[in-house]
file data.pdb (PDB, C-alpha atoms, pLDDT in the B column)
ATOM      1  CA  MET A   1       0.000   0.000   0.000  1.00 85.00           C
ATOM      2  CA  PRO A   2       1.461   3.387  -0.944  1.00 89.00           C
ATOM      3  CA  ARG A   3       2.416   5.814   1.791  1.00 90.00           C
ATOM      4  CA  GLU A   4       1.244   9.380   1.635  1.00 90.00           C
ATOM      5  CA  ILE A   5       3.741  12.053   2.643  1.00 85.00           C
ATOM      6  CA  ASN A   6       2.827  15.728   2.292  1.00 87.00           C
ATOM      7  CA  GLY A   7      -0.062  14.833  -0.026  1.00 91.00           C
ATOM      8  CA  GLN A   8       2.162  12.793  -2.384  1.00 92.00           C
ATOM      9  CA  LYS A   9       1.840   8.996  -2.736  1.00 95.00           C
ATOM     10  CA  TYR A  10       5.080   7.037  -2.522  1.00 96.00           C
ATOM     11  CA  TYR A  11       5.597   3.358  -3.323  1.00 97.00           C
ATOM     12  CA  GLY A  12       8.287   1.100  -1.930  1.00 96.00           C
ATOM     13  CA  THR A  13      10.599  -0.976  -4.105  1.00 96.00           C
ATOM     14  CA  LEU A  14       8.604  -4.209  -3.938  1.00 96.00           C
ATOM     15  CA  GLU A  15       5.280  -2.427  -4.532  1.00 96.00           C
ATOM     16  CA  SER A  16       6.768  -0.613  -7.504  1.00 96.00           C
ATOM     17  CA  CYS A  17       8.115  -3.810  -9.046  1.00 96.00           C
ATOM     18  CA  GLU A  18       4.798  -5.608  -8.609  1.00 95.00           C
ATOM     19  CA  LYS A  19       2.835  -2.690 -10.051  1.00 94.00           C
ATOM     20  CA  ILE A  20       5.136  -2.437 -13.093  1.00 94.00           C
ATOM     21  CA  GLY A  21       5.688  -6.166 -13.572  1.00 94.00           C
ATOM     22  CA  ILE A  22       9.494  -6.298 -13.322  1.00 95.00           C
ATOM     23  CA  SER A  23      11.914  -7.924 -10.897  1.00 95.00           C
ATOM     24  CA  ARG A  24      13.827  -6.056  -8.193  1.00 95.00           C
ATOM     25  CA  PRO A  25      17.209  -6.769  -9.829  1.00 96.00           C
ATOM     26  CA  THR A  26      15.886  -5.290 -13.086  1.00 94.00           C
ATOM     27  CA  LEU A  27      14.672  -2.178 -11.273  1.00 95.00           C
ATOM     28  CA  PHE A  28      18.010  -1.738  -9.511  1.00 93.00           C
ATOM     29  CA  ARG A  29      19.919  -2.243 -12.771  1.00 93.00           C
ATOM     30  CA  TRP A  30      17.811   0.409 -14.520  1.00 92.00           C
ATOM     31  CA  LEU A  31      18.206   2.806 -11.593  1.00 93.00           C
ATOM     32  CA  LYS A  32      21.971   2.330 -11.747  1.00 93.00           C
ATOM     33  CA  ALA A  33      21.811   3.045 -15.494  1.00 91.00           C
ATOM     34  CA  GLY A  34      20.078   6.353 -14.704  1.00 91.00           C
ATOM     35  CA  ILE A  35      16.514   6.038 -15.990  1.00 89.00           C
ATOM     36  CA  LEU A  36      15.342   8.367 -13.195  1.00 89.00           C
ATOM     37  CA  GLU A  37      16.842  11.803 -12.630  1.00 86.00           C
ATOM     38  CA  LYS A  38      15.774  12.083  -8.985  1.00 87.00           C
ATOM     39  CA  LYS A  39      16.443   9.524  -6.300  1.00 89.00           C
ATOM     40  CA  ARG A  40      14.085   9.581  -3.363  1.00 92.00           C
ATOM     41  CA  LYS A  41      14.602   7.785  -0.062  1.00 92.00           C
ATOM     42  CA  ASP A  42      12.545   7.702   3.109  1.00 89.00           C
ATOM     43  CA  ARG A  43      13.924   8.360   6.598  1.00 90.00           C
ATOM     44  CA  ARG A  44      15.220   4.766   6.759  1.00 93.00           C
ATOM     45  CA  GLY A  45      17.170   5.230   3.533  1.00 93.00           C
ATOM     46  CA  TRP A  46      14.862   2.980   1.524  1.00 93.00           C
ATOM     47  CA  ARG A  47      14.002   3.966  -2.029  1.00 95.00           C
ATOM     48  CA  VAL A  48      10.532   5.343  -2.665  1.00 95.00           C
ATOM     49  CA  PHE A  49       8.859   6.109  -5.990  1.00 96.00           C
ATOM     50  CA  THR A  50       6.098   8.472  -7.088  1.00 95.00           C
ATOM     51  CA  GLU A  51       3.467   7.736  -9.744  1.00 94.00           C
ATOM     52  CA  GLU A  52       5.554   9.848 -12.129  1.00 94.00           C
ATOM     53  CA  ASP A  53       8.593   7.668 -11.395  1.00 95.00           C
ATOM     54  CA  LEU A  54       6.532   4.526 -11.991  1.00 95.00           C
ATOM     55  CA  ASN A  55       5.335   5.869 -15.341  1.00 95.00           C
ATOM     56  CA  LYS A  56       8.952   6.467 -16.452  1.00 93.00           C
ATOM     57  CA  ILE A  57       9.933   2.970 -15.352  1.00 94.00           C
ATOM     58  CA  LYS A  58       6.884   1.492 -17.136  1.00 93.00           C
ATOM     59  CA  ALA A  59       7.919   3.291 -20.315  1.00 92.00           C
ATOM     60  CA  GLU A  60      11.371   1.691 -20.039  1.00 90.00           C
ATOM     61  CA  ALA A  61       9.780  -1.723 -19.452  1.00 90.00           C
ATOM     62  CA  ARG A  62       7.686  -1.387 -22.606  1.00 90.00           C
ATOM     63  CA  ARG A  63      10.448   0.033 -24.793  1.00 87.00           C
ATOM     64  CA  ILE A  64      11.469  -2.192 -27.679  1.00 81.00           C
ATOM     65  CA  GLN A  65      14.934  -2.058 -29.141  1.00 79.00           C
ATOM     66  CA  VAL A  66      15.699  -4.092 -32.227  1.00 79.00           C
ATOM     67  CA  GLU A  67      19.265  -4.665 -33.284  1.00 79.00           C
ATOM     68  CA  TYR A  68      20.262  -6.594 -36.359  1.00 76.00           C
ATOM     69  CA  THR A  69      23.664  -7.925 -37.186  1.00 71.00           C
ATOM     70  CA  TYR A  70      24.199  -8.589 -40.849  1.00 62.00           C
ATOM     71  CA  ILE A  71      26.186 -11.628 -41.834  1.00 63.00           C
ATOM     72  CA  PRO A  72      28.082 -12.034 -45.138  1.00 65.00           C
ATOM     73  CA  ASP A  73      25.134 -13.631 -46.941  1.00 63.00           C
ATOM     74  CA  LYS A  74      23.117 -10.518 -47.834  1.00 59.00           C
ATOM     75  CA  ASN A  75      19.899 -12.529 -48.037  1.00 60.00           C
ATOM     76  CA  MET A  76      19.932 -13.503 -44.352  1.00 58.00           C
ATOM     77  CA  LEU A  77      19.936 -11.591 -41.088  1.00 55.00           C
ATOM     78  CA  HIS A  78      21.717 -12.979 -38.052  1.00 53.00           C
ATOM     79  CA  LYS A  79      18.874 -12.226 -35.600  1.00 55.00           C
ATOM     80  CA  ASP A  80      17.222 -15.651 -35.249  1.00 52.00           C
ATOM     81  CA  VAL A  81      18.006 -16.270 -38.942  1.00 52.00           C
ATOM     82  CA  ILE A  82      15.190 -14.067 -40.205  1.00 51.00           C
ATOM     83  CA  LYS A  83      14.890 -14.199 -43.971  1.00 51.00           C
ATOM     84  CA  LYS A  84      14.344 -11.026 -45.894  1.00 52.00           C
ATOM     85  CA  GLU A  85      13.858 -10.226 -49.525  1.00 56.00           C
ATOM     86  CA  PRO A  86      16.952 -10.734 -51.717  1.00 55.00           C
ATOM     87  CA  VAL A  87      19.048  -7.628 -52.275  1.00 55.00           C
ATOM     88  CA  LYS A  88      18.950  -6.477 -55.908  1.00 56.00           C
TER      89      LYS A  88
END

call {"tool": "encode", "arguments": {"input": "data.pdb", "output": "structure tokens"}}
result
Amino acid sequence: MPREINGQKYYGTLESCEKIGISRPTLFRWLKAGILEKKRKDRRGWRVFTEEDLNKIKAEARRIQVEYTYIPDKNMLHKDVIKKEPVK
């Protein structure tokens, strides 16, 4: 259950992960990579997140990045051997 401090709702780490659908190690890895500009902690030093923070993390969770590595045969892509149209 979120805590309310000065009229603002804050979620703990586990609540945030459950709400977003990611694991704690994933959240910590993304935080270390800098997906959030502000870091908030409660009086115990535990991380807390606002709805705005959760929306940024959700956006990262739903981001899709496609990378292709071309191999010498120009008719094939290396990514799971996806066939594409022959190069003319």

call {"tool": "resolve_selection", "arguments": {"input": "data.pdb", "expression": "the PyMOL selection byres ((chain A and resi 57-63) around 8)", "output": "JSON, numbers by chain"}}
result
{"A": [20, 22, 35, 36, 53, 54, 55, 56, 64, 65]}

call {"tool": "atom_distance", "arguments": {"input": "data.pdb", "atom1": "CA of Gly12 in chain A", "atom2": "CA of Val48 in chain A"}}
result
4.9 Å

call {"tool": "residues_around", "arguments": {"input": "data.pdb", "residues": "Thr13 in chain A", "least_positions_apart": "6", "cutoff": "9 Å", "atoms": "only C-alpha atoms", "output": "PyMOL selection string"}}
result
chain A and resi 24+27+46-49

call {"tool": "atom_distance", "arguments": {"input": "data.pdb", "atom1": "CA of Asp42 in chain A", "atom2": "CA of Cys17 in chain A"}}
result
17.3 Å

call {"tool": "residues_near_point", "arguments": {"input": "data.pdb", "point": "(8.0, 7.6, -0.2)", "cutoff": "12 Å", "atoms": "only C-alpha atoms", "output": "mmCIF file with C-alpha atoms, keeping the file's coordinate frame"}}
result
data_model
loop_
_atom_site.group_PDB
_atom_site.id
_atom_site.type_symbol
_atom_site.label_atom_id
_atom_site.label_comp_id
_atom_site.auth_asym_id
_atom_site.auth_seq_id
_atom_site.Cartn_x
_atom_site.Cartn_y
_atom_site.Cartn_z
ATOM 1 C CA MET A 1 0.000 0.000 0.000
ATOM 2 C CA PRO A 2 1.461 3.387 -0.944
ATOM 3 C CA ARG A 3 2.416 5.814 1.791
ATOM 4 C CA GLU A 4 1.244 9.380 1.635
ATOM 5 C CA ILE A 5 3.741 12.053 2.643
ATOM 6 C CA ASN A 6 2.827 15.728 2.292
ATOM 7 C CA GLY A 7 -0.062 14.833 -0.026
ATOM 8 C CA GLN A 8 2.162 12.793 -2.384
ATOM 9 C CA LYS A 9 1.840 8.996 -2.736
ATOM 10 C CA TYR A 10 5.080 7.037 -2.522
ATOM 11 C CA TYR A 11 5.597 3.358 -3.323
ATOM 12 C CA GLY A 12 8.287 1.100 -1.930
ATOM 13 C CA THR A 13 10.599 -0.976 -4.105
ATOM 14 C CA GLU A 15 5.280 -2.427 -4.532
ATOM 15 C CA SER A 16 6.768 -0.613 -7.504
ATOM 16 C CA LYS A 39 16.443 9.524 -6.300
ATOM 17 C CA ARG A 40 14.085 9.581 -3.363
ATOM 18 C CA LYS A 41 14.602 7.785 -0.062
ATOM 19 C CA ASP A 42 12.545 7.702 3.109
ATOM 20 C CA ARG A 43 13.924 8.360 6.598
ATOM 21 C CA ARG A 44 15.220 4.766 6.759
ATOM 22 C CA GLY A 45 17.170 5.230 3.533
ATOM 23 C CA TRP A 46 14.862 2.980 1.524
ATOM 24 C CA ARG A 47 14.002 3.966 -2.029
ATOM 25 C CA VAL A 48 10.532 5.343 -2.665
ATOM 26 C CA PHE A 49 8.859 6.109 -5.990
ATOM 27 C CA THR A 50 6.098 8.472 -7.088
ATOM 28 C CA GLU A 51 3.467 7.736 -9.744
ATOM 29 C CA ASP A 53 8.593 7.668 -11.395
#

call {"tool": "atom_distance", "arguments": {"input": "data.pdb", "atom1": "CA of Phe28 in chain A", "atom2": "CA of Glu52 in chain A"}}
result
17.2 Å
